[in-house]
There are 2 protein chains.
Amino acid sequence: MYYLSRMSTSYTEENYLKAIYKLQESNGETVATSTLAQVMGVHAPSVTDMLKRMAGKKLISYQKSKGFKLTEKGKQVAVDIIRRHRLWEVFLVDKLGFRWDEVHTIAEELEHIQSSPLVDKLDAYLGYPKADPHGDPIPDANGVLPKSRSVLLSSLKAGKAGKFTGVSDHSVSFLNYLDKMGISLGDTIKIKHVEDFDKTYTLELKGKKPAVVSHKVANSLLVIEQ
Amino acid sequence: MYYLSRMSTSYTEENYLKAIYKLQESNGETVATSTLAQVMGVHAPSVTDMLKRMAGKKLISYQKSKGFKLTEKGKQVAVDIIRRHRLWEVFLVDKLGFRWDEVHTIAEELEHIQSSPLVDKLDAYLGYPKADPHGDPIPDANGVLPKSRSVLLSSLKAGKAGKFTGVSDHSVSFLNYLDKMGISLGDTIKIKHVEDFDKTYTLELKGKKPAVVSHKVANSLLVIEQ
DNA sequence: ATATAAAATTAGATCGGTCTAATTTATTAT
DNA sequence: ATAATAAATTAGACCGATCTAATTTTATAT
């Protein structure tokens, strides 16, 4: 009789896994040491060390000087942490009354609490939410992440409209800007005009007066065309 | 212009502080290295090392080979952690539906989440509870711990009655035993008889049939005489 | 009051996670 | 195709938290 070494992941490993997962999602399959070092806020040799440890735990597959990617096991852990992060964000906003720009750092800590029953009960308590307060989809208990049908507002032609379902820029300053402009998740946004000269967008928001925003903003809003 | 070095406490330090606080509460003012080593589940030299670090941060006052105790600052941190621990326990039981015997280990992790607004909002959300699910009092936001008027059931004479307000034994097995016996927080318990021979207690529980329990049990129940 | 036992501390090592400096490997430009 | 540049790794060190083994300090018993 033997154990299939449980060997649970450390706080730090979990943060690496999450970062690698997000990099793989956006920048293609394999990730570079330097990129990861940058997003983790550490120096390259620290990453190399950590990669070796994680490769030993079969969380990533790693070929010296050739980049690396998550194994299935690593992906599972990463998705689970993302699930917890987003569920806690919902809790902080819906139940405790935090604003959507305040919850990220607190959830960064809460996501590491080790207890499956806790996560499952939290999920149920929140009513099995499909998305976090920024519109990011929440993986289900089996690690299945519903794929989003939303696109960047900037990809829509003038005259088209979409329902605002999420942001691609999660910075506090951008979230505050949206609050100030009165643009909220769920709003229907119609593109009245795109200025050819500087790509400025004039938007129509139902029941609000038209807003003029930069291309950068239109490029940070996720919508479902309607 | 200079900073008053913020130097926040580590996860491990917080656990030491909590343990020292509890030892000081029950075993008088100064604590011994060996005692602390035992409750922390580490060996004595580890404690000595940690004491030096914490003394450097002015969290404890420490005289080599003479025992040690918390400074005011150390006491503040300890009480704050106890506050968080107990608030999270209330959340886990009242909101998520955990049983009172399941919440301790999860709260041991949650108590270290660093965010005062989080704790304050949680407190408000829970309705400013005065006690955790085991009847332990919750310090308020200023670190004031309401002193309890409760006594051990075993200190009451036969014929007297008390309201069951807390336990002095927090073990899962004892909590399960109470569940099995149908003894719950808030119950009024009357001592019908104390057997001289073996100190067995016969208890009357309102609306339930009499229960016979050992002295050990009577010595683990906290009541307010009425 | 001194020997013995118990408690506490020091010395030296390990582990995870990080660093800097030096070196090796891979990529790019001419 | 080779030199120059960029990226990655190795080597060696540090810090916090722990360990074991050895030593010192304090308490206890006769």
# chains A, B, ... in the order shown; residues from 1 in each chain; ligands from 1

$ select_by_dssp --residues "stretch 55-96 of chain B" --states "helix (DSSP H, G or I)" --output "list in words"
Ala55, Gly56, Glu72, Lys73, Gly74, Lys75, Gln76, Val77, Ala78, Val79, Asp80, Ile81, Ile82, Arg83, Arg84, His85, Arg86, Leu87, Trp88, Glu89, Val90, Phe91, Leu92, Val93, Asp94 and Lys95 of chain B

$ write_last_selection --atoms "N, CA, C and O atoms" --output "CSV table (one decimal), in the first residue's frame"
chain,number,residue,atom,x,y,z
B,55,ALA,N,11.1,39.7,19.5
B,55,ALA,CA,11.6,40.7,20.5
B,55,ALA,C,12.2,41.9,19.7
B,55,ALA,O,11.9,43.0,20.1
B,56,GLY,N,12.9,41.6,18.6
B,56,GLY,CA,13.4,42.7,17.8
B,56,GLY,C,12.3,43.6,17.2
B,56,GLY,O,12.5,44.8,17.0
B,72,GLU,N,2.4,45.4,24.7
B,72,GLU,CA,1.1,46.0,24.3
B,72,GLU,C,0.8,45.8,22.9
B,72,GLU,O,-0.2,45.3,22.4
B,73,LYS,N,1.9,46.1,22.1
B,73,LYS,CA,1.8,45.9,20.6
B,73,LYS,C,1.5,44.5,20.2
B,73,LYS,O,0.6,44.2,19.4
B,74,GLY,N,2.2,43.6,20.9
B,74,GLY,CA,2.0,42.1,20.6
B,74,GLY,C,0.6,41.7,21.0
B,74,GLY,O,0.0,40.9,20.3
B,75,LYS,N,0.1,42.2,22.1
B,75,LYS,CA,-1.2,41.8,22.6
B,75,LYS,C,-2.3,42.3,21.6
B,75,LYS,O,-3.2,41.6,21.2
B,76,GLN,N,-2.0,43.6,21.1
B,76,GLN,CA,-3.0,44.1,20.1
B,76,GLN,C,-3.1,43.2,18.9
B,76,GLN,O,-4.2,42.9,18.4
B,77,VAL,N,-1.9,42.8,18.3
B,77,VAL,CA,-1.9,42.0,17.1
B,77,VAL,C,-2.6,40.6,17.4
B,77,VAL,O,-3.5,40.2,16.7
B,78,ALA,N,-2.3,40.1,18.6
B,78,ALA,CA,-2.9,38.8,19.0
B,78,ALA,C,-4.4,38.9,19.0
B,78,ALA,O,-5.2,38.0,18.5
B,79,VAL,N,-4.9,39.9,19.7
B,79,VAL,CA,-6.4,40.1,19.9
B,79,VAL,C,-7.0,40.3,18.5
B,79,VAL,O,-8.1,39.8,18.2
B,80,ASP,N,-6.3,41.0,17.6
B,80,ASP,CA,-6.9,41.3,16.3
B,80,ASP,C,-7.1,39.9,15.5
B,80,ASP,O,-8.1,39.7,14.8
B,81,ILE,N,-6.1,39.1,15.7
B,81,ILE,CA,-6.2,37.8,15.0
B,81,ILE,C,-7.3,36.9,15.6
B,81,ILE,O,-8.0,36.3,14.8
B,82,ILE,N,-7.4,37.0,16.9
B,82,ILE,CA,-8.5,36.2,17.5
B,82,ILE,C,-9.9,36.8,17.0
B,82,ILE,O,-10.8,36.0,16.7
B,83,ARG,N,-9.9,38.1,16.9
B,83,ARG,CA,-11.2,38.7,16.4
B,83,ARG,C,-11.5,38.2,15.0
B,83,ARG,O,-12.6,37.7,14.7
B,84,ARG,N,-10.5,38.2,14.1
B,84,ARG,CA,-10.7,37.7,12.8
B,84,ARG,C,-11.1,36.2,12.7
B,84,ARG,O,-12.0,35.8,12.0
B,85,HIS,N,-10.4,35.4,13.5
B,85,HIS,CA,-10.7,34.0,13.6
B,85,HIS,C,-12.1,33.8,13.9
B,85,HIS,O,-12.8,33.0,13.3
B,86,ARG,N,-12.6,34.4,15.0
B,86,ARG,CA,-13.9,34.2,15.5
B,86,ARG,C,-15.0,34.7,14.5
B,86,ARG,O,-16.1,34.1,14.3
B,87,LEU,N,-14.7,35.9,13.9
B,87,LEU,CA,-15.7,36.4,12.9
B,87,LEU,C,-15.8,35.4,11.7
B,87,LEU,O,-16.9,35.1,11.3
B,88,TRP,N,-14.7,34.9,11.2
B,88,TRP,CA,-14.8,34.0,10.1
B,88,TRP,C,-15.5,32.7,10.5
B,88,TRP,O,-16.3,32.1,9.7
B,89,GLU,N,-15.4,32.3,11.8
B,89,GLU,CA,-16.1,31.1,12.2
B,89,GLU,C,-17.6,31.3,12.2
B,89,GLU,O,-18.4,30.5,11.7
B,90,VAL,N,-18.0,32.5,12.6
B,90,VAL,CA,-19.4,32.9,12.5
B,90,VAL,C,-19.9,32.8,11.1
B,90,VAL,O,-20.9,32.3,10.7
B,91,PHE,N,-19.1,33.4,10.2
B,91,PHE,CA,-19.4,33.4,8.8
B,91,PHE,C,-19.6,32.0,8.2
B,91,PHE,O,-20.6,31.7,7.6
B,92,LEU,N,-18.7,31.1,8.6
B,92,LEU,CA,-18.7,29.8,8.0
B,92,LEU,C,-19.9,29.0,8.5
B,92,LEU,O,-20.5,28.2,7.8
B,93,VAL,N,-20.3,29.2,9.8
B,93,VAL,CA,-21.5,28.5,10.3
B,93,VAL,C,-22.8,29.2,9.9
B,93,VAL,O,-23.7,28.5,9.3
B,94,ASP,N,-22.9,30.5,10.1
B,94,ASP,CA,-24.2,31.2,9.9
B,94,ASP,C,-24.5,31.3,8.4
B,94,ASP,O,-25.6,31.2,8.0
B,95,LYS,N,-23.5,31.6,7.6
B,95,LYS,CA,-23.7,31.9,6.2
B,95,LYS,C,-23.5,30.7,5.3
B,95,LYS,O,-24.3,30.5,4.4

$ interface_residues --of "chain A" --to "chain D" --cutoff "9 Å" --atoms "only C-alpha atoms (C1' of nucleotides)" --output "PyMOL selection string"
chain A and resi 32-34+44-45+48+64-66

$ atom_distance --atom1 "atom CA of A:Asn15" --atom2 "atom CA of A:Ser184"
29.6 Å

$ interface_residues --of "chain C" --to "chain A" --cutoff "9 Å" --atoms "only C-alpha atoms (C1' of nucleotides)" --output "count of residues only"
5

$ atom_distance --atom1 "atom CA of B:Ala161" --atom2 "atom CA of B:Lys206"
10.7 Å

$ calpha_fit_rmsd --fixed "chain A" --moving "chain B"
0.1 Å

$ interface_residues --of "chain B" --to "chain A" --cutoff "9 Å" --atoms "only C-alpha atoms" --output "list in words"
Leu92, Lys95, Leu96, Gly97, Phe98, Ile106, Glu109, Leu110, Ile113, Gln114, Ser115, Leu118, Lys121, Leu122, Ala124 and Tyr125 of chain B

$ residues_around --residues "B:Asp198" --least-positions-apart "4" --cutoff "12 Å" --atoms "only C-alpha atoms (C1' of nucleotides)" --output "PyMOL selection string"
chain B and resi 193-194+202+212-216

$ atom_distance --atom1 "atom CA of B:Lys18" --atom2 "atom CA of B:Ser61"
15.2 Å
